[in-house]
>>> print(open('protein-v9.pdb').read())   # PDB, C-alpha atoms, pLDDT in the B column
ATOM      1  CA  MET A1011     120.432 -96.904 -46.780  1.00 73.00           C
ATOM      2  CA  ARG A1012     118.451 -94.527 -44.555  1.00 82.00           C
ATOM      3  CA  HIS A1013     114.716 -94.951 -43.904  1.00 89.00           C
ATOM      4  CA  ASN A1014     112.313 -92.451 -45.484  1.00 90.00           C
ATOM      5  CA  VAL A1015     109.255 -93.235 -43.319  1.00 93.00           C
ATOM      6  CA  ALA A1016     108.991 -93.320 -39.516  1.00 92.00           C
ATOM      7  CA  GLY A1017     105.949 -94.039 -37.381  1.00 91.00           C
ATOM      8  CA  SER A1018     104.635 -92.335 -34.265  1.00 93.00           C
ATOM      9  CA  TYR A1019     101.837 -94.098 -32.377  1.00 90.00           C
ATOM     10  CA  THR A1020     100.851 -95.713 -29.110  1.00 89.00           C
ATOM     11  CA  TRP A1021     100.598 -99.473 -28.801  1.00 77.00           C
ATOM     12  CA  TRP A1022      96.925 -99.335 -27.817  1.00 69.00           C
ATOM     13  CA  GLY A1023      94.159-100.691 -30.040  1.00 67.00           C
ATOM     14  CA  THR A1024      94.870-101.298 -33.709  1.00 71.00           C
ATOM     15  CA  ASN A1025      97.493 -98.610 -34.383  1.00 76.00           C
ATOM     16  CA  LEU A1026     100.283-101.025 -35.272  1.00 77.00           C
ATOM     17  CA  PHE A1027      97.961-102.985 -37.544  1.00 82.00           C
ATOM     18  CA  ARG A1028      96.925 -99.768 -39.299  1.00 84.00           C
ATOM     19  CA  PHE A1029     100.583 -98.847 -39.741  1.00 84.00           C
ATOM     20  CA  ALA A1030     101.298-102.279 -41.249  1.00 82.00           C
ATOM     21  CA  ALA A1031      98.278-102.016 -43.570  1.00 86.00           C
ATOM     22  CA  LYS A1032      99.472 -98.633 -44.864  1.00 87.00           C
ATOM     23  CA  ALA A1033     102.966-100.043 -45.384  1.00 85.00           C
ATOM     24  CA  ASP A1034     101.418-102.870 -47.424  1.00 86.00           C
ATOM     25  CA  ASP A1035      99.762-100.403 -49.816  1.00 87.00           C
ATOM     26  CA  PRO A1036     101.346-100.767 -53.300  1.00 86.00           C
ATOM     27  CA  CYS A1037     102.120 -97.029 -53.414  1.00 82.00           C
ATOM     28  CA  ASN A1038     104.468 -97.523 -50.429  1.00 85.00           C
ATOM     29  CA  THR A1039     106.303-100.560 -51.820  1.00 82.00           C
ATOM     30  CA  ASN A1040     109.617 -98.775 -52.350  1.00 85.00           C
ATOM     31  CA  LYS A1041     109.654 -96.930 -49.024  1.00 88.00           C
ATOM     32  CA  LEU A1042     112.047 -97.892 -46.237  1.00 88.00           C
ATOM     33  CA  LEU A1043     110.267 -97.845 -42.869  1.00 88.00           C
ATOM     34  CA  TRP A1044     111.519 -97.362 -39.338  1.00 84.00           C
ATOM     35  CA  ILE A1045     109.213 -99.460 -37.120  1.00 78.00           C
ATOM     36  CA  ASP A1046     110.357 -99.383 -33.507  1.00 72.00           C
ATOM     37  CA  VAL A1047     108.878-102.748 -32.531  1.00 64.00           C
ATOM     38  CA  LEU A1048     110.925-104.403 -35.295  1.00 64.00           C
ATOM     39  CA  ASN A1049     114.081-102.292 -35.066  1.00 60.00           C
ATOM     40  CA  VAL A1050     114.542-102.227 -31.298  1.00 60.00           C
ATOM     41  CA  ALA A1051     114.539-105.002 -28.699  1.00 54.00           C
ATOM     42  CA  GLN A1052     111.565-104.050 -26.518  1.00 52.00           C
ATOM     43  CA  PHE A1053     111.466-103.943 -22.697  1.00 52.00           C
ATOM     44  CA  SER A1054     115.200-103.386 -22.387  1.00 53.00           C
ATOM     45  CA  ILE A1055     116.487-100.289 -20.617  1.00 48.00           C
ATOM     46  CA  SER A1056     119.619-100.357 -22.776  1.00 51.00           C
ATOM     47  CA  SER A1057     117.341-100.220 -25.833  1.00 56.00           C
ATOM     48  CA  SER A1058     115.512 -97.214 -24.369  1.00 63.00           C
ATOM     49  CA  ASP A1059     118.846 -95.455 -23.890  1.00 63.00           C
ATOM     50  CA  GLN A1060     119.789 -96.270 -27.457  1.00 64.00           C
ATOM     51  CA  VAL A1061     116.523 -95.070 -29.015  1.00 68.00           C
ATOM     52  CA  ILE A1062     116.290 -91.768 -27.133  1.00 78.00           C
ATOM     53  CA  ASP A1063     119.799 -90.964 -28.355  1.00 76.00           C
ATOM     54  CA  THR A1064     118.716 -91.565 -31.966  1.00 83.00           C
ATOM     55  CA  THR A1065     115.344 -89.755 -31.836  1.00 87.00           C
ATOM     56  CA  ASP A1066     116.765 -86.725 -33.624  1.00 88.00           C
ATOM     57  CA  PHE A1067     118.053 -88.975 -36.421  1.00 89.00           C
ATOM     58  CA  ILE A1068     114.879 -91.048 -36.770  1.00 91.00           C
ATOM     59  CA  TYR A1069     112.500 -88.084 -37.066  1.00 93.00           C
ATOM     60  CA  ASP A1070     114.436 -85.979 -39.522  1.00 92.00           C
ATOM     61  CA  GLU A1071     113.852 -85.346 -43.246  1.00 91.00           C
ATOM     62  CA  CYS A1072     111.351 -88.177 -43.654  1.00 92.00           C
ATOM     63  CA  GLU A1073     107.649 -88.896 -43.882  1.00 92.00           C
ATOM     64  CA  VAL A1074     106.100 -89.477 -40.459  1.00 94.00           C
ATOM     65  CA  TRP A1075     102.930 -91.564 -40.186  1.00 94.00           C
ATOM     66  CA  VAL A1076     101.170 -90.428 -37.023  1.00 94.00           C
ATOM     67  CA  TYR A1077      98.352 -92.554 -35.579  1.00 92.00           C
ATOM     68  CA  LEU A1078      96.497 -90.542 -32.959  1.00 92.00           C
ATOM     69  CA  ASP A1079      94.312 -91.713 -30.099  1.00 91.00           C
ATOM     70  CA  ASP A1080      93.247 -90.146 -26.819  1.00 89.00           C
ATOM     71  CA  SER A1081      96.345 -91.421 -25.023  1.00 91.00           C
ATOM     72  CA  TYR A1082      98.845 -90.153 -27.624  1.00 93.00           C
ATOM     73  CA  LEU A1083      99.659 -86.871 -25.838  1.00 94.00           C
ATOM     74  CA  ASP A1084     100.010 -88.632 -22.486  1.00 94.00           C
ATOM     75  CA  ARG A1085     102.756 -90.982 -23.648  1.00 94.00           C
ATOM     76  CA  ALA A1086     106.342 -89.926 -23.024  1.00 94.00           C
ATOM     77  CA  TRP A1087     107.775 -91.397 -26.216  1.00 92.00           C
ATOM     78  CA  CYS A1088     105.034 -89.871 -28.389  1.00 94.00           C
ATOM     79  CA  LEU A1089     105.640 -86.457 -26.829  1.00 96.00           C
ATOM     80  CA  ALA A1090     109.379 -86.652 -27.547  1.00 95.00           C
ATOM     81  CA  GLU A1091     108.695 -87.751 -31.117  1.00 95.00           C
ATOM     82  CA  ALA A1092     106.053 -85.085 -31.795  1.00 95.00           C
ATOM     83  CA  ALA A1093     108.267 -82.327 -30.417  1.00 95.00           C
ATOM     84  CA  LYS A1094     110.963 -83.372 -32.868  1.00 95.00           C
ATOM     85  CA  PHE A1095     109.107 -84.147 -36.111  1.00 94.00           C
ATOM     86  CA  SER A1096     106.750 -81.141 -35.852  1.00 93.00           C
ATOM     87  CA  ASN A1097     109.675 -78.704 -35.856  1.00 92.00           C
ATOM     88  CA  PRO A1098     109.904 -77.221 -39.384  1.00 90.00           C
ATOM     89  CA  ALA A1099     113.694 -77.563 -39.189  1.00 89.00           C
ATOM     90  CA  SER A1100     113.232 -81.352 -39.206  1.00 90.00           C
ATOM     91  CA  LYS A1101     111.796 -81.111 -42.754  1.00 88.00           C
ATOM     92  CA  CYS A1102     109.346 -83.928 -42.064  1.00 91.00           C
ATOM     93  CA  VAL A1103     106.144 -84.522 -44.022  1.00 88.00           C
ATOM     94  CA  ILE A1104     103.473 -85.363 -41.436  1.00 92.00           C
ATOM     95  CA  VAL A1105     100.680 -87.793 -42.364  1.00 90.00           C
ATOM     96  CA  VAL A1106      97.981 -88.009 -39.675  1.00 91.00           C
ATOM     97  CA  SER A1107      95.279 -90.599 -39.012  1.00 89.00           C
ATOM     98  CA  GLY A1108      92.870 -90.667 -36.093  1.00 89.00           C
ATOM     99  CA  SER A1109      92.050 -88.073 -33.468  1.00 87.00           C
ATOM    100  CA  ALA A1110      93.443 -87.187 -30.062  1.00 87.00           C
ATOM    101  CA  ASN A1111      92.463 -85.313 -26.940  1.00 82.00           C
ATOM    102  CA  PHE A1112      94.263 -82.052 -27.743  1.00 88.00           C
ATOM    103  CA  LYS A1113      94.939 -80.226 -24.472  1.00 85.00           C
ATOM    104  CA  LEU A1114      96.791 -76.991 -25.183  1.00 86.00           C
ATOM    105  CA  GLY A1115      98.448 -75.552 -22.099  1.00 89.00           C
ATOM    106  CA  THR A1116      98.932 -78.905 -20.361  1.00 92.00           C
ATOM    107  CA  ASP A1117     102.092 -79.560 -18.335  1.00 97.00           C
ATOM    108  CA  PHE A1118     103.079 -82.400 -20.659  1.00 97.00           C
ATOM    109  CA  PHE A1119     106.563 -82.608 -19.125  1.00 97.00           C
ATOM    110  CA  SER A1120     105.346 -83.398 -15.611  1.00 97.00           C
ATOM    111  CA  CYS A1121     102.322 -85.524 -16.592  1.00 95.00           C
ATOM    112  CA  MET A1122     103.895 -87.836 -19.182  1.00 96.00           C
ATOM    113  CA  LYS A1123     103.367 -91.591 -18.786  1.00 94.00           C
ATOM    114  CA  ALA A1124     105.188 -94.670 -20.058  1.00 91.00           C
ATOM    115  CA  GLY A1125     104.746 -98.432 -20.045  1.00 86.00           C
ATOM    116  CA  LYS A1126     108.078 -98.593 -18.237  1.00 85.00           C
ATOM    117  CA  GLU A1127     108.228 -95.900 -15.565  1.00 90.00           C
ATOM    118  CA  SER A1128     112.029 -95.878 -15.838  1.00 87.00           C
ATOM    119  CA  ASP A1129     111.625 -94.366 -19.338  1.00 89.00           C
ATOM    120  CA  ILE A1130     110.059 -91.178 -17.936  1.00 94.00           C
ATOM    121  CA  PRO A1131     113.200 -89.662 -16.336  1.00 93.00           C
ATOM    122  CA  LEU A1132     115.147 -90.738 -19.425  1.00 92.00           C
ATOM    123  CA  ILE A1133     112.848 -88.752 -21.729  1.00 94.00           C
ATOM    124  CA  GLN A1134     112.597 -85.830 -19.315  1.00 96.00           C
ATOM    125  CA  LYS A1135     116.395 -85.640 -19.282  1.00 94.00           C
ATOM    126  CA  TYR A1136     116.429 -85.658 -23.100  1.00 93.00           C
ATOM    127  CA  ALA A1137     113.792 -82.889 -23.178  1.00 95.00           C
ATOM    128  CA  MET A1138     115.706 -80.722 -20.697  1.00 96.00           C
ATOM    129  CA  GLU A1139     118.967 -81.119 -22.605  1.00 93.00           C
ATOM    130  CA  LYS A1140     117.312 -80.368 -25.952  1.00 94.00           C
ATOM    131  CA  TYR A1141     114.847 -77.605 -25.011  1.00 95.00           C
ATOM    132  CA  GLY A1142     116.374 -76.104 -21.871  1.00 95.00           C
ATOM    133  CA  SER A1143     113.300 -76.057 -19.624  1.00 97.00           C
ATOM    134  CA  LYS A1144     110.048 -77.903 -19.085  1.00 96.00           C
ATOM    135  CA  GLU A1145     108.143 -74.732 -20.049  1.00 97.00           C
ATOM    136  CA  ARG A1146     109.878 -74.654 -23.415  1.00 97.00           C
ATOM    137  CA  PHE A1147     109.170 -78.360 -23.962  1.00 97.00           C
ATOM    138  CA  ASN A1148     105.486 -77.817 -23.159  1.00 97.00           C
ATOM    139  CA  GLN A1149     105.352 -74.948 -25.664  1.00 96.00           C
ATOM    140  CA  ILE A1150     106.954 -77.126 -28.335  1.00 96.00           C
ATOM    141  CA  VAL A1151     104.278 -79.783 -27.740  1.00 96.00           C
ATOM    142  CA  ASP A1152     101.584 -77.088 -27.982  1.00 96.00           C
ATOM    143  CA  ASP A1153     103.080 -76.145 -31.369  1.00 95.00           C
ATOM    144  CA  ALA A1154     103.001 -79.819 -32.377  1.00 95.00           C
ATOM    145  CA  ILE A1155      99.276 -79.930 -31.543  1.00 95.00           C
ATOM    146  CA  VAL A1156      98.689 -77.008 -33.909  1.00 94.00           C
ATOM    147  CA  ARG A1157     100.463 -78.966 -36.653  1.00 93.00           C
ATOM    148  CA  LEU A1158      98.516 -82.178 -35.993  1.00 94.00           C
ATOM    149  CA  SER A1159      95.061 -80.605 -35.618  1.00 93.00           C
ATOM    150  CA  GLY A1160      94.210 -79.981 -39.287  1.00 92.00           C
ATOM    151  CA  TRP A1161      94.415 -83.557 -40.517  1.00 90.00           C
ATOM    152  CA  SER A1162      92.916 -84.884 -37.283  1.00 91.00           C
ATOM    153  CA  LEU A1163      89.834 -82.713 -37.831  1.00 93.00           C
ATOM    154  CA  ILE A1164      89.644 -83.785 -41.484  1.00 92.00           C
ATOM    155  CA  TYR A1165      89.758 -87.394 -40.294  1.00 88.00           C
ATOM    156  CA  GLN A1166      86.728 -86.622 -38.100  1.00 89.00           C
ATOM    157  CA  GLY A1167      84.850 -84.903 -40.935  1.00 92.00           C
ATOM    158  CA  ARG A1168      85.036 -81.499 -39.210  1.00 94.00           C
ATOM    159  CA  TYR A1169      86.177 -79.649 -42.329  1.00 95.00           C
ATOM    160  CA  GLY A1170      85.293 -76.089 -41.322  1.00 95.00           C
ATOM    161  CA  GLU A1171      87.271 -76.419 -38.096  1.00 94.00           C
ATOM    162  CA  ALA A1172      90.086 -78.085 -40.039  1.00 94.00           C
ATOM    163  CA  LEU A1173      90.287 -75.068 -42.354  1.00 95.00           C
ATOM    164  CA  GLN A1174      90.664 -72.776 -39.349  1.00 95.00           C
ATOM    165  CA  ALA A1175      93.323 -75.122 -37.934  1.00 94.00           C
ATOM    166  CA  CYS A1176      95.262 -74.878 -41.210  1.00 94.00           C
ATOM    167  CA  ASP A1177      95.241 -71.071 -40.941  1.00 94.00           C
ATOM    168  CA  LYS A1178      96.701 -71.351 -37.436  1.00 94.00           C
ATOM    169  CA  GLU A1179      99.318 -73.839 -38.607  1.00 93.00           C
ATOM    170  CA  ILE A1180     100.450 -71.598 -41.474  1.00 93.00           C
ATOM    171  CA  GLU A1181     100.658 -68.630 -39.102  1.00 93.00           C
ATOM    172  CA  LEU A1182     102.747 -70.714 -36.694  1.00 92.00           C
ATOM    173  CA  LEU A1183     105.074 -71.957 -39.446  1.00 91.00           C
ATOM    174  CA  ARG A1184     105.653 -68.449 -40.764  1.00 90.00           C
ATOM    175  CA  ARG A1185     106.584 -67.337 -37.264  1.00 89.00           C
ATOM    176  CA  LEU A1186     108.925 -70.287 -36.711  1.00 86.00           C
ATOM    177  CA  ALA A1187     110.493 -70.748 -40.140  1.00 79.00           C
ATOM    178  CA  GLY A1188     109.571 -67.855 -42.433  1.00 77.00           C
ATOM    179  CA  ASP A1189     107.615 -67.879 -45.682  1.00 71.00           C
ATOM    180  CA  ASN A1190     109.976 -70.268 -47.488  1.00 67.00           C
ATOM    181  CA  SER A1191     109.426 -73.293 -45.234  1.00 69.00           C
ATOM    182  CA  ARG A1192     108.539 -76.487 -47.096  1.00 76.00           C
ATOM    183  CA  SER A1193     106.153 -77.233 -44.243  1.00 83.00           C
ATOM    184  CA  ILE A1194     104.009 -74.263 -45.286  1.00 88.00           C
ATOM    185  CA  LEU A1195     103.445 -75.910 -48.665  1.00 87.00           C
ATOM    186  CA  GLU A1196     102.248 -79.074 -46.931  1.00 87.00           C
ATOM    187  CA  ALA A1197      99.893 -77.028 -44.723  1.00 90.00           C
ATOM    188  CA  GLN A1198      98.548 -75.218 -47.773  1.00 92.00           C
ATOM    189  CA  ALA A1199      97.939 -78.574 -49.475  1.00 91.00           C
ATOM    190  CA  THR A1200      95.957 -79.642 -46.401  1.00 92.00           C
ATOM    191  CA  MET A1201      93.962 -76.418 -46.674  1.00 94.00           C
ATOM    192  CA  ALA A1202      93.175 -77.311 -50.299  1.00 95.00           C
ATOM    193  CA  VAL A1203      91.766 -80.664 -49.123  1.00 94.00           C
ATOM    194  CA  CYS A1204      89.554 -78.808 -46.619  1.00 95.00           C
ATOM    195  CA  CYS A1205      88.232 -76.525 -49.365  1.00 95.00           C
ATOM    196  CA  GLU A1206      87.491 -79.535 -51.557  1.00 95.00           C
ATOM    197  CA  LYS A1207      85.607 -81.291 -48.746  1.00 95.00           C
ATOM    198  CA  LEU A1208      83.593 -78.109 -48.170  1.00 95.00           C
ATOM    199  CA  GLY A1209      82.653 -77.979 -51.842  1.00 95.00           C
ATOM    200  CA  ASP A1210      84.803 -74.967 -52.756  1.00 95.00           C
ATOM    201  CA  PHE A1211      86.463 -76.707 -55.693  1.00 95.00           C
ATOM    202  CA  GLU A1212      87.660 -73.500 -57.354  1.00 94.00           C
ATOM    203  CA  LYS A1213      89.555 -72.429 -54.225  1.00 94.00           C
ATOM    204  CA  SER A1214      90.914 -75.946 -53.736  1.00 94.00           C
ATOM    205  CA  LEU A1215      92.250 -76.049 -57.292  1.00 93.00           C
ATOM    206  CA  GLU A1216      93.766 -72.584 -56.923  1.00 94.00           C
ATOM    207  CA  ILE A1217      95.671 -73.608 -53.784  1.00 93.00           C
ATOM    208  CA  HIS A1218      96.792 -76.949 -55.263  1.00 90.00           C
ATOM    209  CA  GLN A1219      98.088 -75.133 -58.350  1.00 90.00           C
ATOM    210  CA  LYS A1220     100.034 -72.660 -56.221  1.00 89.00           C
ATOM    211  CA  VAL A1221     101.538 -75.487 -54.157  1.00 88.00           C
ATOM    212  CA  LEU A1222     102.464 -77.381 -57.318  1.00 86.00           C
ATOM    213  CA  GLU A1223     104.236 -74.360 -58.820  1.00 84.00           C
ATOM    214  CA  GLU A1224     106.246 -73.834 -55.624  1.00 81.00           C
ATOM    215  CA  LYS A1225     107.197 -77.516 -55.412  1.00 70.00           C
ATOM    216  CA  VAL A1226     108.362 -77.551 -59.040  1.00 72.00           C
ATOM    217  CA  LEU A1227     110.542 -74.518 -58.300  1.00 72.00           C
ATOM    218  CA  CYS A1228     111.999 -76.276 -55.239  1.00 65.00           C
ATOM    219  CA  HIS A1229     112.388 -79.826 -56.561  1.00 60.00           C
ATOM    220  CA  GLY A1230     112.000 -79.868 -60.346  1.00 60.00           C
ATOM    221  CA  THR A1231     109.430 -82.037 -62.120  1.00 57.00           C
ATOM    222  CA  GLU A1232     110.842 -85.483 -61.241  1.00 57.00           C
ATOM    223  CA  HIS A1233     110.519 -85.354 -57.431  1.00 56.00           C
ATOM    224  CA  VAL A1234     108.008 -87.609 -55.629  1.00 53.00           C
ATOM    225  CA  ASN A1235     106.534 -84.636 -53.725  1.00 55.00           C
ATOM    226  CA  VAL A1236     105.701 -83.017 -57.038  1.00 55.00           C
ATOM    227  CA  ALA A1237     104.076 -86.242 -58.263  1.00 52.00           C
ATOM    228  CA  ASN A1238     101.983 -86.410 -55.086  1.00 55.00           C
ATOM    229  CA  THR A1239     100.678 -82.910 -55.781  1.00 52.00           C
ATOM    230  CA  TYR A1240      99.634 -83.948 -59.285  1.00 45.00           C
ATOM    231  CA  VAL A1241      97.741 -86.869 -57.730  1.00 46.00           C
ATOM    232  CA  CYS A1242      95.871 -84.464 -55.462  1.00 47.00           C
TER     233      CYS A1242
END
>>> encode(input="protein-v9.pdb", output="structure tokens")
Amino acid sequence: MRHNVAGSYTWWGTNLFRFAAKADDPCNTNKLLWIDVLNVAQFSISSSDQVIDTTDFIYDECEVWVYLDDSYLDRAWCLAEAAKFSNPASKCVIVVSGSANFKLGTDFFSCMKAGKESDIPLIQKYAMEKYGSKERFNQIVDDAIVRLSGWSLIYQGRYGEALQACDKEIELLRRLAGDNSRSILEAQATMAVCCEKLGDFEKSLEIHQKVLEEKVLCHGTEHVNVANTYVC
């Protein structure tokens, strides 16, 4: 049976512990998790080869728990993961904790770092084969930053800025995937959270209701995504 949750995080600090604590939450009991440190033999170049070849499978049509820190967008593996799961075509639901040093316009391709330096050319080769050029890869990571910013700002309590970030994310998603993207519904739900935090409960309820109606049309009334909207 395929996993329905994957993680994306650096190994610094308490990220892995936070991931484990979230997995231990009763509401996640029935979820199947991909946890790289448990699924892959670490510090083996053959394992690195294996994982990079399965990145597209791991971060596709699942929930992705992203744990940000200031090194997240420096790390080669995190960059490859974010470029994949942030693409609307991946149909991933992104759940963000923490904050990162968001540096739009950075040459992420050339500046990426890894615990094993031999992983860097491996991931650069993957990026070139998948995206065609380092400029295109850097743009994809910039798009990923737009998608991660809203929840990161909410996490920091910067709700007004988060609301603006949600507007930018929705604009980006419409440009990339059109008005019918499921990702737009998730971004709108994030916007509803921002409105609630800012005290605009009427607007928050209006957006949540719209999102709920669209999800019922897409999934019916029995789907977990519909239940999550009711919880909101």
>>> atom_distance(input="protein-v9.pdb", atom1="atom CA of A:Glu1145", atom2="atom CA of A:Arg1157")
18.8 Å
>>> atom_distance(input="protein-v9.pdb", atom1="atom CA of A:Met1122", atom2="atom CA of A:Lys1101")
25.8 Å
>>> closest_residue(input="protein-v9.pdb", among="A:Ala1086, A:Ile1217, A:Val1076, A:Glu1196", to="A:Ser1128", atoms="all atoms listed in the file")
A:Ala1086
>>> atom_distance(input="protein-v9.pdb", atom1="atom CA of A:Tyr1165", atom2="atom CA of A:Asn1040")
25.9 Å
>>> residues_around(input="protein-v9.pdb", residues="A:Arg1146", least_positions_apart="4", cutoff="12 Å", atoms="only C-alpha atoms", output="VMD selection string")
chain A and resid 1093 1115 1117 to 1119 1137 to 1142 1150 to 1153
>>> resolve_selection(input="protein-v9.pdb", expression="the PyMOL selection byres ((chain A and resi 1173) around 9)", output="ChimeraX atom specification")
/A:1160,1163-1164,1168-1172,1174-1178,1200-1205
>>> resolve_selection(input="protein-v9.pdb", expression="the PyMOL selection byres ((chain A and resi 1129) around 10)", output="PyMOL selection string")
chain A and resi 1055+1058-1059+1062+1086-1087+1123-1128+1130-1135
>>> residues_near_point(input="protein-v9.pdb", point="(108.3, -85.9, -29.6)", cutoff="10 Å", atoms="all atoms listed in the file", output="number ranges by chain")
A: 1018, 1065-1066, 1069, 1083, 1085-1097, 1133, 1137, 1147, 1150-1151, 1154
>>> write_last_selection(input="protein-v9.pdb", atoms="C-alpha atoms", output="short mmCIF file (atom, residue, chain, number, x, y, z; two decimals), in the frame of the given file")
data_model
loop_
_atom_site.label_atom_id
_atom_site.label_comp_id
_atom_site.auth_asym_id
_atom_site.auth_seq_id
_atom_site.Cartn_x
_atom_site.Cartn_y
_atom_site.Cartn_z
CA SER A 1018 104.64 -92.34 -34.26
CA THR A 1065 115.34 -89.76 -31.84
CA ASP A 1066 116.76 -86.72 -33.62
CA TYR A 1069 112.50 -88.08 -37.07
CA LEU A 1083 99.66 -86.87 -25.84
CA ARG A 1085 102.76 -90.98 -23.65
CA ALA A 1086 106.34 -89.93 -23.02
CA TRP A 1087 107.78 -91.40 -26.22
CA CYS A 1088 105.03 -89.87 -28.39
CA LEU A 1089 105.64 -86.46 -26.83
CA ALA A 1090 109.38 -86.65 -27.55
CA GLU A 1091 108.70 -87.75 -31.12
CA ALA A 1092 106.05 -85.08 -31.80
CA ALA A 1093 108.27 -82.33 -30.42
CA LYS A 1094 110.96 -83.37 -32.87
CA PHE A 1095 109.11 -84.15 -36.11
CA SER A 1096 106.75 -81.14 -35.85
CA ASN A 1097 109.68 -78.70 -35.86
CA ILE A 1133 112.85 -88.75 -21.73
CA ALA A 1137 113.79 -82.89 -23.18
CA PHE A 1147 109.17 -78.36 -23.96
CA ILE A 1150 106.95 -77.13 -28.34
CA VAL A 1151 104.28 -79.78 -27.74
CA ALA A 1154 103.00 -79.82 -32.38
#
>>> closest_residue(input="protein-v9.pdb", among="A:Ala1197, A:Val1221, A:Cys1072, A:Leu1078", to="A:Leu1026", atoms="all atoms listed in the file")
A:Leu1078
>>> residues_around(input="protein-v9.pdb", residues="A:Phe1112", least_positions_apart="4", cutoff="10 Å", atoms="only C-alpha atoms", output="PyMOL selection string")
chain A and resi 1079-1083+1116+1152+1155-1156+1158-1159
>>> write_last_selection(input="protein-v9.pdb", atoms="C-alpha atoms", output="tab-separated table (two decimals), in the coordinates of the input")
chain	number	residue	atom	x	y	z
A	1079	ASP	CA	94.31	-91.71	-30.10
A	1080	ASP	CA	93.25	-90.15	-26.82
A	1081	SER	CA	96.34	-91.42	-25.02
A	1082	TYR	CA	98.84	-90.15	-27.62
A	1083	LEU	CA	99.66	-86.87	-25.84
A	1116	THR	CA	98.93	-78.90	-20.36
A	1152	ASP	CA	101.58	-77.09	-27.98
A	1155	ILE	CA	99.28	-79.93	-31.54
A	1156	VAL	CA	98.69	-77.01	-33.91
A	1158	LEU	CA	98.52	-82.18	-35.99
A	1159	SER	CA	95.06	-80.60	-35.62
>>> closest_residue(input="protein-v9.pdb", among="A:Lys1041, A:Lys1207, A:Lys1113, A:Arg1184", to="A:Gln1149", atoms="only C-alpha atoms")
A:Lys1113
>>> resolve_selection(input="protein-v9.pdb", expression="the PyMOL selection byres ((chain A and resi 1071) around 10)", output="PyMOL selection string")
chain A and resi 1013-1015+1067-1070+1072-1074+1095+1098-1103
>>> residues_near_point(input="protein-v9.pdb", point="(93.2, -97.1, -44.3)", cutoff="12 Å", atoms="only C-alpha atoms", output="PyMOL selection string")
chain A and resi 1024-1025+1027-1035+1075+1077+1106-1108+1165
>>> build_atoms(input="protein-v9.pdb", residues="stretch 1021-1031 of chain A", atoms="N, CA, C and O atoms", output="mmCIF file, in the coordinates of the input")
data_model
loop_
_atom_site.group_PDB
_atom_site.id
_atom_site.type_symbol
_atom_site.label_atom_id
_atom_site.label_comp_id
_atom_site.auth_asym_id
_atom_site.auth_seq_id
_atom_site.Cartn_x
_atom_site.Cartn_y
_atom_site.Cartn_z
ATOM 1 N N TRP A 1021 100.826 -98.054 -28.537
ATOM 2 C CA TRP A 1021 100.598 -99.473 -28.801
ATOM 3 C C TRP A 1021 99.174 -99.908 -28.497
ATOM 4 O O TRP A 1021 98.846 -101.086 -28.600
ATOM 5 N N TRP A 1022 98.301 -98.968 -28.141
ATOM 6 C CA TRP A 1022 96.925 -99.335 -27.817
ATOM 7 C C TRP A 1022 96.147 -99.643 -29.086
ATOM 8 O O TRP A 1022 96.422 -99.144 -30.161
ATOM 9 N N GLY A 1023 95.102 -100.457 -28.949
ATOM 10 C CA GLY A 1023 94.159 -100.691 -30.040
ATOM 11 C C GLY A 1023 94.822 -101.274 -31.276
ATOM 12 O O GLY A 1023 95.639 -102.191 -31.198
ATOM 13 N N THR A 1024 94.450 -100.728 -32.428
ATOM 14 C CA THR A 1024 94.870 -101.298 -33.709
ATOM 15 C C THR A 1024 95.910 -100.437 -34.425
ATOM 16 O O THR A 1024 96.117 -100.591 -35.629
ATOM 17 N N ASN A 1025 96.575 -99.542 -33.720
ATOM 18 C CA ASN A 1025 97.493 -98.610 -34.383
ATOM 19 C C ASN A 1025 98.588 -99.319 -35.169
ATOM 20 O O ASN A 1025 98.894 -98.943 -36.309
ATOM 21 N N LEU A 1026 99.207 -100.326 -34.587
ATOM 22 C CA LEU A 1026 100.283 -101.025 -35.272
ATOM 23 C C LEU A 1026 99.760 -101.765 -36.502
ATOM 24 O O LEU A 1026 100.427 -101.812 -37.542
ATOM 25 N N PHE A 1027 98.556 -102.314 -36.393
ATOM 26 C CA PHE A 1027 97.961 -102.985 -37.544
ATOM 27 C C PHE A 1027 97.668 -101.994 -38.663
ATOM 28 O O PHE A 1027 97.853 -102.298 -39.849
ATOM 29 N N ARG A 1028 97.203 -100.810 -38.296
ATOM 30 C CA ARG A 1028 96.925 -99.768 -39.299
ATOM 31 C C ARG A 1028 98.211 -99.321 -39.972
ATOM 32 O O ARG A 1028 98.250 -99.079 -41.180
ATOM 33 N N PHE A 1029 99.277 -99.206 -39.193
ATOM 34 C CA PHE A 1029 100.583 -98.847 -39.741
ATOM 35 C C PHE A 1029 101.030 -99.906 -40.751
ATOM 36 O O PHE A 1029 101.477 -99.589 -41.858
ATOM 37 N N ALA A 1030 100.884 -101.178 -40.368
ATOM 38 C CA ALA A 1030 101.298 -102.279 -41.249
ATOM 39 C C ALA A 1030 100.457 -102.305 -42.528
ATOM 40 O O ALA A 1030 100.977 -102.560 -43.620
ATOM 41 N N ALA A 1031 99.150 -102.021 -42.395
ATOM 42 C CA ALA A 1031 98.278 -102.016 -43.570
ATOM 43 C C ALA A 1031 98.680 -100.902 -44.538
ATOM 44 O O ALA A 1031 98.681 -101.102 -45.759
#
